[in-house]
Amino acid sequence: MSSSAPKSIPARIFDVLSGFGLATALLLILMVLTWLATLEQGHHGLHATLQKYFDHRSWVVFPDAVLLSDKFAGEDKRLPPLPGGFWVCALLVLNLTLGGVIRMRKGVRTIGVLIAHFGIILMIVAGGVAHFKEERGLMMLSEVENPILPTTSDYAQSLTDTSVEVIEVKDAKPVGAVNFIKDAYYTDLDGDKSRTIRLPKLPFDLELKGYIQNAKPMSVDKMAPEHPEQIVDGWFLTPGGKNKDTERDTPGLYARVLSRDGKQGDWFLLSVPEPDTFKPRLPFTVHADGRDFAVRMEKQVWPVPFKVRLLDARTKNYPNTTKPQFFESDIMRIEDGRESKVFIEMNQPMRYGGMTLYQHTMMNGGPSQGGSATVSGFEVVKNPSDQWPKISIYIAGFGLCLHFLLKLWNFLARGKGASASKAS
Amino acid sequence: MNATIGRWIVFSLGLCAFLGVLLWAALGTRTGGEVRSVPGYKPWPAETVEMASLLPVQDGGRVKPLGTFASFTMLSLHGARSMEIAGPDGKKLKLTPLEWMLDCFFRPELAKELPTFRIDNSEVITAVGISARERRDRYSYNELKPGLDQLKEAATTYSAIDADLRKGVEKQTLELYSSIQVFEALTAYMDFARYGLLPRSESKDSKIISVSEVMDIAPKVRAAMQSAQASGQGLPPEVMTIQKEITDRANESNPVLKLFPPGNKEDDTWVSAGDRMFNIFTGTTREPEQSIKDVRMLENLARSLPEGDGAFREKFSELESSVVARATARGEYRAIKMEANYFRKNWLINALVCFLLATVVSAVMLFTGDSFAGKISYWATVGLLVTGLFNVIIPIVTRCIIMQRPPVGNLYDTIIFINMALVIFALLVLWMTKKRFVLGITPIVAAFLIVLARAFEQGEAKDHLDPLIAVLRSNFWLSTHVISITLGYAAGLITALISVVYVLLRTLGLDNGDSAQRRSVTRAVYGCLGLTLCLSLIGTVLGGIWANDSWGRFWGWDPKENGALMIVLWTLAILHARLGGYIREWGLHLCSMFGAIVVAFSWWHVNFLGIGLHNYGFAADKVRLLYAFYGVMALFILWGGIACLIDRFQSAGKEKEKDLAPGKKVEV
């Protein structure tokens with residue numbers, strides 16, 4: 001018979017949440033999720049797999065049966081469910097905090113592990129912050145002025161997220177602020193689902209429907225649509241099949257104007273232009289309340305708090321090969337009229353004003369430019385937790401090494417003691 | 001189990017592994033078929049071959065000795081670094097890559113008789129109307145010649161098929177066609193020097209018009225072309241002939257051998273004889289005189305061959321001195337001698353011999369125990385392991401010096417580096433535990449890794465001393481992240497190997513029930529798990545920081561990154577399960593053996609997935625070896641699992657017996 005009194009329910013909950021059992025289970029689940037996601041990205045692409053396995057909206061994950069056999073490819077067969085990776089990580093942080101920091105015995109023997117736990121908590125938290133707060137886009141610049149790409153820019157365009165933009169136009173020039181409808185409002189509108197988007201600052205609202213992740217505008221002269229009711233002025237959107245590289249997808253949808261007087265306009269098509277064109281599609285024009293508005297769908301644009309001008313883009317292959325040796329750019333950062341020349345290359349980004357610019361793409365000009373690089377693309381990332389992982393590894397690495405050395409010291413000291421007692 | 005029977009079982013397993021490694025090593029170069037007879041073959045004098053080995057050339061983005069270029073070209077076409085033929089009087093000759101390459105350049109008619117092309121599937125040649133001997137065999141260019149037109153046609157058809165959808169025979173046809181193109185380029189390279197400006201058929205009986213002589217009058221030819229263009233008249237027929245013939249000769253001598261360093265120090269692109277010809281006629285060279293001199297040296301060299309070996313060597317020496325002087329002035333001859341020496345020495349073969357001998361001696365140790373013979377075999381095993389280790393360390397260090405970068409830059413590097421680390425970790429475990437158990441398994445695994453390195457190099461048939469792609473060009477990250485991750489793999493593997501030893505010791509009764517011995521093995525595994533975690537975690541996060549600097553994201557879910565994370569998570573799970581009391585001694589060892597599967601997935605399997613930034617695009621058939629490894633480890637886990645269950649039942653039975661012993665109080 002046990003002499004100790006039974007534990008209270010909160011104490012029991014605390015024991016479970018801070019216990020080794022939960023830690024072991026979470027680590028195993030995380031490993032299995034990582035393994036499955038690694039295999040599945042070969043079938044569905046990276047972006048889609050990450051959304052499925054590690055997004056905060058995925059509470060439960062059903063791995064695709066194609067992992068068992070290729071014969072299940074294209075079929076909607078699933079394996080037994082697992083908890084979503086985001087929430088497993090969240091629970092692991094809780095477990096680490098309660099068990100690995102609060103409950104853990106504190107002393108010289110455990111100091112290394114304690115420090116390592118701190119580091120790992122910081123690392124997972126950094127991942128969580130990046131998950132919610134990170135924004136990334138592409139800034140494409142040309143060395144020379146051309147009608148497609150600018151030489152100077154102060155904005156970046158998202159690689160995957162889109163938005164519907166509405167702006168007033170007067171004398172063929174934009175007037176006032178752009179009204180953005182973020183993709184969170186329409187990516188679920190597949191099939192016949194529709195949603196009305198209220199635009200209180202404008203004299204009309206928009207109704208959106210028929211979202212397709214990778215849409216191709218198609219003329220009825222070329223192909224007959226499956227659903228004839230979707231034809232708009234002889235055109236319709238046909239699904240192109242999702243790309244494994246989600247950034248190559250060109251989402252599209254149907255939209256119509258709802259006037260304040262209750263009139264409904266005709267449906268029209270909106271779709272994002274092909275990624276390599278770097279050129280916006282011609283917008284759909286709306287006339288309402290005596291004013292003109294342009295409506296178009298684009299990859300989301302977000303501002304950068306300084307301007308960047310491309311001075312020189314350079315790329316070089318190893319001699320007599322097609323193997324790239326380096327990609328590098330000289331840029332001018334312009335802020336409040338002050339100009340600073342900055343060098344960016346692979347492994348050496350520019351960190352400034354809460355933004356980081358990485359060398360992402362390089363395109364060579366034609367024979368008229370001697371075939372050398374003339375276009376440089378920078379990935380612009382805004383991530384408040386950008387440097388946290390670096391700090392966390394210093395902490396965790398120090399802790400682990402300390403613990404390992406302490407263990408080694410004990411081991412060697414014990415061995416010495418044993419051999420001394422043997423000798424005596 | 002009786003310890004003697006156990007020893008014989010371990011000996012049999014070791015013998016199987018030993019023979020397996022030997023067989024694999026031998027199978028690497030075997031093709032079947034008879035040795036080809038080339039009656040007119042005359043071997044090159046050793047002095048000539050030695051001299052040629054140090055000629056610098058530019059290939060694969062770096063300057064290397066001609067010997068290295070020859071070695072990997074022969075490996076990709078012939079599937080081996082030596083060629084066996086029956087020479088005059090049926091005498092067997094073993095040609096080195098350099099001898100074969102000298103034949104290609106200077107005795108192409110003879111080279112076309114040599115069994116250069118390794119064909120692993122006879123369907124490839126029967127499909128183009130050539131009768132095959134065996135399924136795998138080697139063929140000469142002249143044997144394949146009747147089917148070349150059909151082969152070209154088939155290759156054109158197959159190249160239009162998406163690479164992922166090509167069948168095996170289609171891929172092999174394309175590979176053979178590509179090999180033939182390389183061979184044709186090699187054998188035609190010196191045609192301009194042998195036959196002059198005019199094609200061979202036209203220059204047979206007439207006087208040879210040297211290309212260098214025509215290059216002398218290049219300014220006049222250019223002036224004639226410009227004036228013809230300016231006047232709007234067509235080119236004079238003799239100028240048109242020169243233009244056409246020079247273009248043809250230049251094309252023949254262009255693709256393979258970039259032999260001449262450019263005069264301009266800022267330009268790092270070496271040029272071929274063909275480039276020299278083109279550039280002088282297009283007026284795009286800054287060194288017209290040197291261009292003519294270079295082409296003339298090659299002409300003199302090719303034409304000196306009939307005069308005898310001495311004359312040939314004299315001309316070769318003239319060419320080599322000129323190229324070496326220019327390469328030295330550019331600082332590009334720095335490591336040529338070292339590299340030639342590196343490939344000549346065959347350090348890894350020495351290491352393989354040491355590790356295999358260590359395996360044999362450790363088998364003696366198994367039966368002799370603590371006797372005098374046992375002590376001798378123990379020290380012999382340690383000595384051979386250390387000698388083998390030095391024979392692995394030397395090539396690793398040499399490669400670092402040649403390439404001026406940290407030791408791990410590609411998958412081949414990881415194999416030899418892990419081999420080194422594994423042996424060092426094993427010796428550390430031996431030193432720390434003062435127990436011999438680790439010596440039982442380390443030598444055979446080290447030998448296996450050497451054979452794996454050779455098989456990998458042979459399968460890839462490419463020079464792994466290649467320069468790094470832009471994103472990897474960071475010595476800081478290569479020497480921190482990549483080294484930590486690779487050491488983590490080695491630590492994970494040695495952990496699993498010690499657990500395999502535990503299973504063998506315990507289930508076969510080799511430890512005679514000595515619980516102290518068992519505890520010692522378990523402690524070693526626990527320590528190695530800690531080391532694996534430390535190295536893998538630091539390596540993984542450093543990789544994340546590098547990725548954050550290169551690609552703007554800390555974690556990109558690249559399969560290789562994920563593999564490393566899996567090792568970290570698995571090791572953490574084992575350690576936490578152990579701390580929580582969910583697994584004990586048996587559980588720890590079973591889990592640590594599974595760790596080897598996780599390491600193999602991260603190290604090799606992710607490369608087969610065809611995705612991510614670390615994708616090497618391996619052929620699916622190579623994944624079989626990996627599955628074999630998974631299978632072997634799974635068998636050990638199963639073996640250990642069954643033994644664990646039996647052990648548990650026996651312990652439970654004993655406990656029950658104790659409980660029911662007379663005089664003991666029983667609660668009902």
# chains A, B, ... in the order shown; residues from 1 in each chain; ligands from 1

$ residues_around --residues "segment 50-66 of chain A" --least-positions-apart "4" --cutoff "10 Å" --atoms "only C-alpha atoms" --output "ChimeraX atom specification"
/A:33-34,36-41,43-46,70-90,128,131-132 /B:556-557

$ write_last_selection --atoms "N, CA and C atoms" --output "compact mmCIF listing (two decimals), in the first residue's frame"
# COMPACT_ATOMS: atom_id res chain seq x y z
N LEU A 33 6.39 12.54 -38.93
CA LEU A 33 5.83 13.59 -39.80
C LEU A 33 6.89 14.11 -40.76
N THR A 34 8.09 14.31 -40.24
CA THR A 34 9.18 14.81 -41.09
C THR A 34 9.48 13.81 -42.19
N LEU A 36 7.44 11.46 -43.45
CA LEU A 36 6.34 11.40 -44.42
C LEU A 36 6.32 12.63 -45.31
N ALA A 37 6.56 13.80 -44.70
CA ALA A 37 6.56 15.04 -45.50
C ALA A 37 7.70 15.01 -46.51
N THR A 38 8.84 14.44 -46.13
CA THR A 38 9.98 14.34 -47.05
C THR A 38 9.59 13.50 -48.26
N LEU A 39 8.94 12.37 -47.99
CA LEU A 39 8.57 11.49 -49.10
C LEU A 39 7.45 12.10 -49.93
N GLU A 40 6.52 12.75 -49.25
CA GLU A 40 5.33 13.23 -49.97
C GLU A 40 5.63 14.44 -50.85
N GLN A 41 6.66 15.21 -50.49
CA GLN A 41 6.94 16.41 -51.31
C GLN A 41 7.39 16.02 -52.71
N HIS A 43 5.86 13.94 -54.47
CA HIS A 43 4.61 13.74 -55.23
C HIS A 43 3.81 15.02 -55.36
N HIS A 44 3.78 15.83 -54.31
CA HIS A 44 2.87 16.98 -54.31
C HIS A 44 3.57 18.33 -54.28
N GLY A 45 4.89 18.34 -54.25
CA GLY A 45 5.61 19.61 -54.21
C GLY A 45 5.77 20.09 -52.77
N LEU A 46 6.74 20.98 -52.59
CA LEU A 46 7.12 21.41 -51.24
C LEU A 46 6.04 22.24 -50.56
N ASP A 70 3.09 3.45 -55.76
CA ASP A 70 2.78 4.41 -56.83
C ASP A 70 1.41 4.14 -57.47
N LYS A 71 0.89 2.94 -57.24
CA LYS A 71 -0.41 2.63 -57.87
C LYS A 71 -1.55 3.48 -57.29
N PHE A 72 -1.27 4.08 -56.12
CA PHE A 72 -2.30 4.95 -55.53
C PHE A 72 -2.18 6.40 -56.01
N ALA A 73 -1.24 6.66 -56.92
CA ALA A 73 -1.03 8.03 -57.40
C ALA A 73 -2.31 8.55 -58.05
N GLY A 74 -2.68 9.77 -57.69
CA GLY A 74 -3.87 10.38 -58.28
C GLY A 74 -5.15 9.98 -57.59
N GLU A 75 -5.11 8.91 -56.78
CA GLU A 75 -6.32 8.51 -56.06
C GLU A 75 -6.33 9.21 -54.70
N ASP A 76 -7.52 9.42 -54.18
CA ASP A 76 -7.62 10.14 -52.92
C ASP A 76 -7.62 9.15 -51.76
N LYS A 77 -6.61 8.27 -51.73
CA LYS A 77 -6.54 7.28 -50.64
C LYS A 77 -5.57 7.78 -49.58
N ARG A 78 -5.96 7.59 -48.33
CA ARG A 78 -5.17 8.16 -47.25
C ARG A 78 -4.77 7.11 -46.23
N LEU A 79 -3.67 7.40 -45.54
CA LEU A 79 -3.21 6.54 -44.46
C LEU A 79 -3.81 7.05 -43.14
N PRO A 80 -3.69 6.26 -42.08
CA PRO A 80 -4.26 6.71 -40.80
C PRO A 80 -3.72 8.08 -40.38
N PRO A 81 -4.53 8.84 -39.65
CA PRO A 81 -4.14 10.23 -39.35
C PRO A 81 -3.06 10.38 -38.29
N LEU A 82 -2.42 11.52 -38.36
CA LEU A 82 -1.42 11.90 -37.35
C LEU A 82 -1.73 13.34 -36.95
N PRO A 83 -1.29 13.76 -35.78
CA PRO A 83 -1.52 15.16 -35.42
C PRO A 83 -0.69 16.11 -36.30
N GLY A 84 -1.18 17.31 -36.53
CA GLY A 84 -0.48 18.28 -37.36
C GLY A 84 0.84 18.72 -36.74
N GLY A 85 1.84 18.93 -37.58
CA GLY A 85 3.19 19.23 -37.12
C GLY A 85 3.28 20.51 -36.30
N PHE A 86 2.51 21.52 -36.69
CA PHE A 86 2.57 22.80 -35.97
C PHE A 86 2.19 22.59 -34.50
N TRP A 87 1.11 21.83 -34.30
CA TRP A 87 0.62 21.65 -32.94
C TRP A 87 1.48 20.69 -32.14
N VAL A 88 2.12 19.78 -32.82
CA VAL A 88 3.08 18.89 -32.13
C VAL A 88 4.23 19.75 -31.60
N CYS A 89 4.70 20.68 -32.45
CA CYS A 89 5.80 21.57 -32.03
C CYS A 89 5.35 22.44 -30.85
N ALA A 90 4.11 22.93 -30.93
CA ALA A 90 3.61 23.79 -29.86
C ALA A 90 3.57 23.03 -28.53
N GLY A 128 7.87 29.34 -34.98
CA GLY A 128 6.47 29.74 -34.88
C GLY A 128 6.27 31.20 -35.29
N HIS A 131 6.52 31.49 -38.92
CA HIS A 131 5.33 30.92 -39.55
C HIS A 131 4.23 31.97 -39.68
N PHE A 132 4.06 32.78 -38.63
CA PHE A 132 2.96 33.76 -38.65
C PHE A 132 3.38 35.12 -39.22
N GLY B 556 14.20 24.85 -45.01
CA GLY B 556 13.52 24.78 -46.31
C GLY B 556 12.87 23.43 -46.55
N TRP B 557 12.90 22.54 -45.56
CA TRP B 557 12.34 21.20 -45.70
C TRP B 557 12.96 20.46 -46.87

$ residues_around --residues "Ala25 of chain A" --least-positions-apart "2" --cutoff "12 Å" --atoms "only C-alpha atoms" --output "list in words"
Val16, Leu17, Gly19, Phe20, Gly21, Leu22, Ala23, Leu27, Leu28, Ile29, Leu30, Met31, Val32, Leu82, Pro83, Val88, Cys89, Leu91, Leu92 and Asn95 of chain A; Leu569, Trp570, Leu572, Ala573, Ile574, His576, Ala577, Gly580 and Tyr582 of chain B

$ interface_residues --of "chain B" --to "chain A" --cutoff "7 Å" --atoms "only C-alpha atoms" --output "ChimeraX atom specification"
/B:60-61,268-269,469-471,530,534,538,541,545,549-552,559,562,566,569-570,573,576-577,580,609,611

$ write_last_selection --atoms "C-alpha atoms" --output "CSV table (one decimal), in the first residue's frame"
chain,number,residue,atom,x,y,z
B,60,GLY,CA,35.7,20.1,-65.3
B,61,GLY,CA,36.4,23.7,-64.3
B,268,ASP,CA,40.8,31.7,-66.5
B,269,THR,CA,39.5,29.8,-69.5
B,469,ILE,CA,28.8,25.1,-57.1
B,470,ALA,CA,28.2,28.8,-56.2
B,471,VAL,CA,26.1,28.2,-53.1
B,530,GLY,CA,25.0,11.7,-26.8
B,534,CYS,CA,25.5,16.8,-30.1
B,538,ILE,CA,24.7,21.5,-34.0
B,541,VAL,CA,21.1,24.1,-37.0
B,545,ILE,CA,21.8,29.3,-40.4
B,549,ASP,CA,22.2,33.3,-45.3
B,550,SER,CA,22.1,31.7,-48.7
B,551,TRP,CA,18.4,31.2,-49.5
B,552,GLY,CA,16.7,33.4,-47.0
B,559,PRO,CA,15.1,16.2,-47.9
B,562,ASN,CA,15.0,16.7,-43.0
B,566,MET,CA,15.3,12.9,-38.2
B,569,LEU,CA,14.7,13.6,-33.3
B,570,TRP,CA,15.3,9.9,-33.1
B,573,ALA,CA,13.5,10.2,-28.5
B,576,HIS,CA,14.1,10.7,-23.3
B,577,ALA,CA,12.6,7.3,-23.4
B,580,GLY,CA,11.7,8.1,-18.5
B,609,LEU,CA,14.1,11.0,-54.1
B,611,ILE,CA,13.9,16.4,-55.2

$ residues_around --residues "segment 293-303 of chain A" --least-positions-apart "2" --cutoff "9 Å" --atoms "only C-alpha atoms" --output "ChimeraX atom specification"
/A:135,137,154-170,174,180,182-183,250-253,270-273,280-288,291,305-306

$ write_last_selection --atoms "C-alpha atoms" --output "mmCIF file, in the first residue's frame"
data_model
loop_
_atom_site.group_PDB
_atom_site.id
_atom_site.type_symbol
_atom_site.label_atom_id
_atom_site.label_comp_id
_atom_site.auth_asym_id
_atom_site.auth_seq_id
_atom_site.Cartn_x
_atom_site.Cartn_y
_atom_site.Cartn_z
ATOM 1 C CA GLU A 135 6.774 37.720 -45.446
ATOM 2 C CA GLY A 137 8.710 38.235 -52.020
ATOM 3 C CA ASP A 154 10.736 49.779 -53.567
ATOM 4 C CA TYR A 155 8.412 46.795 -53.480
ATOM 5 C CA ALA A 156 8.519 43.022 -53.501
ATOM 6 C CA GLN A 157 6.028 40.617 -54.940
ATOM 7 C CA SER A 158 5.010 37.475 -53.081
ATOM 8 C CA LEU A 159 6.071 34.164 -54.580
ATOM 9 C CA THR A 160 2.828 32.357 -53.813
ATOM 10 C CA ASP A 161 0.174 34.627 -52.271
ATOM 11 C CA THR A 162 -2.142 36.604 -54.531
ATOM 12 C CA SER A 163 -4.582 39.464 -54.151
ATOM 13 C CA VAL A 164 -7.295 41.150 -56.146
ATOM 14 C CA GLU A 165 -6.421 44.832 -56.550
ATOM 15 C CA VAL A 166 -8.928 47.596 -57.207
ATOM 16 C CA ILE A 167 -7.766 51.134 -57.969
ATOM 17 C CA GLU A 168 -9.424 54.253 -59.302
ATOM 18 C CA VAL A 169 -8.103 55.450 -62.651
ATOM 19 C CA LYS A 170 -8.315 58.961 -64.036
ATOM 20 C CA PRO A 174 -3.986 55.603 -60.899
ATOM 21 C CA PHE A 180 -6.429 44.865 -51.801
ATOM 22 C CA LYS A 182 -6.169 39.182 -49.849
ATOM 23 C CA ASP A 183 -6.339 35.586 -51.051
ATOM 24 C CA THR A 250 -1.235 31.148 -61.810
ATOM 25 C CA PRO A 251 -4.419 31.370 -59.726
ATOM 26 C CA GLY A 252 -7.616 32.675 -61.283
ATOM 27 C CA LEU A 253 -11.263 33.271 -60.441
ATOM 28 C CA LEU A 270 -9.278 37.462 -63.310
ATOM 29 C CA SER A 271 -6.032 35.530 -63.361
ATOM 30 C CA VAL A 272 -2.422 36.004 -62.373
ATOM 31 C CA PRO A 273 -0.012 36.317 -65.326
ATOM 32 C CA PRO A 280 0.775 42.507 -65.322
ATOM 33 C CA ARG A 281 -2.271 41.531 -67.333
ATOM 34 C CA LEU A 282 -4.508 44.309 -68.653
ATOM 35 C CA PRO A 283 -7.012 45.079 -65.882
ATOM 36 C CA PHE A 284 -10.785 44.745 -66.085
ATOM 37 C CA THR A 285 -12.343 48.208 -66.108
ATOM 38 C CA VAL A 286 -15.383 49.055 -63.963
ATOM 39 C CA HIS A 287 -17.415 52.240 -64.414
ATOM 40 C CA ALA A 288 -19.393 53.137 -61.281
ATOM 41 C CA ARG A 291 -15.703 57.026 -61.813
ATOM 42 C CA PRO A 305 11.054 50.891 -46.762
ATOM 43 C CA PHE A 306 13.911 51.880 -49.083
#

$ atom_distance --atom1 "atom CA of Tyr141 of chain B" --atom2 "atom CA of Trp24 of chain B"
28.7 Å

$ atom_distance --atom1 "atom CA of Asn607 of chain B" --atom2 "atom CA of Leu625 of chain B"
13.5 Å

$ atom_distance --atom1 "atom CA of Glu457 of chain B" --atom2 "atom CA of Val169 of chain B"
22.3 Å

$ residues_around --residues "Ile119 of chain B" --least-positions-apart "6" --cutoff "9 Å" --atoms "only C-alpha atoms" --output "number ranges by chain"
B: 31, 78, 125, 135-139, 172, 176

$ write_last_selection --atoms "N, CA and C atoms" --output "compact mmCIF listing (two decimals), in the first residue's frame"
# COMPACT_ATOMS: atom_id res chain seq x y z
N THR B 31 33.64 -7.81 -66.34
CA THR B 31 32.60 -7.68 -67.36
C THR B 31 32.29 -8.99 -68.01
N HIS B 78 35.20 2.89 -70.20
CA HIS B 78 35.63 1.50 -70.07
C HIS B 78 35.11 0.85 -68.79
N ILE B 125 23.44 -3.16 -78.30
CA ILE B 125 24.13 -3.27 -79.60
C ILE B 125 23.41 -4.22 -80.57
N ARG B 135 26.21 -10.93 -72.35
CA ARG B 135 25.34 -9.82 -71.95
C ARG B 135 26.17 -8.61 -71.53
N ARG B 136 27.23 -8.86 -70.78
CA ARG B 136 28.14 -7.77 -70.41
C ARG B 136 29.48 -8.06 -71.05
N ASP B 137 29.98 -7.10 -71.79
CA ASP B 137 31.29 -7.30 -72.42
C ASP B 137 31.85 -5.95 -72.84
N ARG B 138 33.09 -6.00 -73.32
CA ARG B 138 33.70 -4.76 -73.81
C ARG B 138 33.98 -4.87 -75.29
N TYR B 139 33.78 -3.76 -76.00
CA TYR B 139 33.90 -3.76 -77.46
C TYR B 139 34.82 -2.63 -77.91
N GLN B 172 20.80 3.39 -71.66
CA GLN B 172 22.11 2.79 -71.97
C GLN B 172 22.53 3.11 -73.40
N LEU B 176 25.90 5.02 -74.38
CA LEU B 176 26.90 4.47 -75.33
C LEU B 176 27.19 5.48 -76.44

$ residues_around --residues "segment 310-312 of chain B" --least-positions-apart "4" --cutoff "10 Å" --atoms "only C-alpha atoms" --output "list in words"
Pro45, Glu47, Thr48, Asn300, Leu301, Ala302, Arg303, Ser304, Leu305, Pro306, Phe316, Ser317 and Glu318 of chain B

$ select_by_dssp --residues "segment 159-274 of chain B" --states "helix (DSSP H, G or I)" --output "ChimeraX atom specification"
/B:159,163-165,168-188,191-195,200-203,211-216,218-231,237-252,273-274

$ write_last_selection --atoms "C-alpha atoms" --output "compact mmCIF listing (two decimals), in the first residue's frame"
# COMPACT_ATOMS: atom_id res chain seq x y z
CA SER B 159 16.86 11.86 -76.44
CA ALA B 163 14.55 11.71 -69.07
CA ASP B 164 12.35 10.35 -66.26
CA LEU B 165 10.33 8.22 -68.66
CA GLY B 168 16.84 1.17 -69.09
CA VAL B 169 17.91 0.16 -72.59
CA GLU B 170 17.13 3.64 -73.89
CA LYS B 171 19.30 5.24 -71.23
CA GLN B 172 22.11 2.79 -71.97
CA THR B 173 21.86 3.52 -75.70
CA LEU B 174 22.21 7.23 -75.02
CA GLU B 175 25.15 6.60 -72.70
CA LEU B 176 26.90 4.47 -75.33
CA TYR B 177 26.34 7.08 -77.99
CA SER B 178 27.74 9.77 -75.73
CA SER B 179 30.80 7.59 -74.97
CA ILE B 180 31.37 7.07 -78.69
CA GLN B 181 31.23 10.82 -79.27
CA VAL B 182 33.86 11.35 -76.57
CA PHE B 183 36.06 8.67 -78.11
CA GLU B 184 35.69 10.13 -81.60
CA ALA B 185 36.62 13.55 -80.25
CA LEU B 186 39.73 12.13 -78.58
CA THR B 187 40.91 10.21 -81.63
CA ALA B 188 40.26 13.11 -84.01
CA ASP B 191 44.15 14.84 -86.97
CA PHE B 192 45.08 18.40 -87.93
CA ALA B 193 48.63 17.73 -86.72
CA ARG B 194 48.92 14.40 -88.52
CA TYR B 195 47.28 15.29 -91.82
CA ARG B 200 42.99 12.80 -94.42
CA SER B 201 41.67 11.33 -97.69
CA GLU B 202 43.04 14.22 -99.68
CA SER B 203 46.36 14.57 -97.90
CA VAL B 211 47.74 24.34 -90.12
CA SER B 212 50.37 26.46 -88.36
CA GLU B 213 51.68 27.65 -91.73
CA VAL B 214 48.19 28.69 -92.73
CA MET B 215 47.76 30.41 -89.35
CA ASP B 216 50.85 32.46 -90.23
CA ALA B 218 45.76 34.57 -91.08
CA PRO B 219 46.02 38.40 -91.24
CA LYS B 220 46.11 38.19 -95.04
CA VAL B 221 43.14 35.82 -95.13
CA ARG B 222 41.19 38.13 -92.83
CA ALA B 223 42.09 41.14 -94.99
CA ALA B 224 40.95 39.29 -98.12
CA MET B 225 37.65 38.43 -96.41
CA GLN B 226 37.09 41.99 -95.25
CA SER B 227 37.84 43.49 -98.67
CA ALA B 228 35.54 40.95 -100.34
CA GLN B 229 32.81 41.88 -97.88
CA ALA B 230 33.40 45.60 -98.38
CA SER B 231 33.31 45.33 -102.16
CA PRO B 237 37.64 30.31 -103.92
CA GLU B 238 41.03 29.74 -102.24
CA VAL B 239 39.99 31.86 -99.25
CA MET B 240 36.69 29.98 -99.03
CA THR B 241 38.60 26.66 -99.05
CA ILE B 242 40.93 27.83 -96.29
CA GLN B 243 37.99 29.11 -94.25
CA LYS B 244 36.12 25.83 -94.58
CA GLU B 245 39.08 23.57 -93.89
CA ILE B 246 40.28 25.61 -90.93
CA THR B 247 36.77 25.52 -89.45
CA ASP B 248 36.63 21.74 -89.89
CA ARG B 249 40.08 21.17 -88.35
CA ALA B 250 39.31 23.55 -85.50
CA ASN B 251 36.04 21.78 -84.77
CA GLU B 252 37.81 18.42 -84.67
CA ALA B 273 44.19 23.63 -80.32
CA GLY B 274 40.89 24.23 -82.11

$ residues_around --residues "segment 639-647 of chain B" --least-positions-apart "4" --cutoff "8 Å" --atoms "only C-alpha atoms" --output "JSON, numbers by chain"
{"B": [503, 507, 586, 590, 635, 651]}

$ write_last_selection --atoms "N, CA and C atoms" --output "short mmCIF file (atom, residue, chain, number, x, y, z; two decimals), in the first residue's frame"
data_model
loop_
_atom_site.label_atom_id
_atom_site.label_comp_id
_atom_site.auth_asym_id
_atom_site.auth_seq_id
_atom_site.Cartn_x
_atom_site.Cartn_y
_atom_site.Cartn_z
N VAL B 503 24.13 -7.29 -29.22
CA VAL B 503 23.18 -8.36 -29.54
C VAL B 503 23.94 -9.68 -29.72
N THR B 507 23.36 -12.65 -27.15
CA THR B 507 22.54 -13.78 -27.62
C THR B 507 23.38 -15.01 -27.89
N TRP B 586 18.00 -3.50 -23.25
CA TRP B 586 17.65 -4.07 -24.57
C TRP B 586 17.05 -3.00 -25.48
N LEU B 590 18.18 -1.85 -29.23
CA LEU B 590 17.30 -2.04 -30.41
C LEU B 590 17.06 -0.70 -31.09
N LEU B 635 17.12 -7.21 -39.63
CA LEU B 635 17.32 -8.58 -39.13
C LEU B 635 17.97 -8.57 -37.74
N SER B 651 13.31 -14.27 -17.31
CA SER B 651 13.42 -13.52 -16.05
C SER B 651 12.13 -13.61 -15.25
#

$ residues_around --residues "segment 334-340 of chain A" --least-positions-apart "6" --cutoff "12 Å" --atoms "only C-alpha atoms" --output "count of residues only"
14

$ select_by_dssp --residues "segment 87-145 of chain A" --states "strand (DSSP E or B)" --output "PyMOL selection string"
chain A and resi 135-142
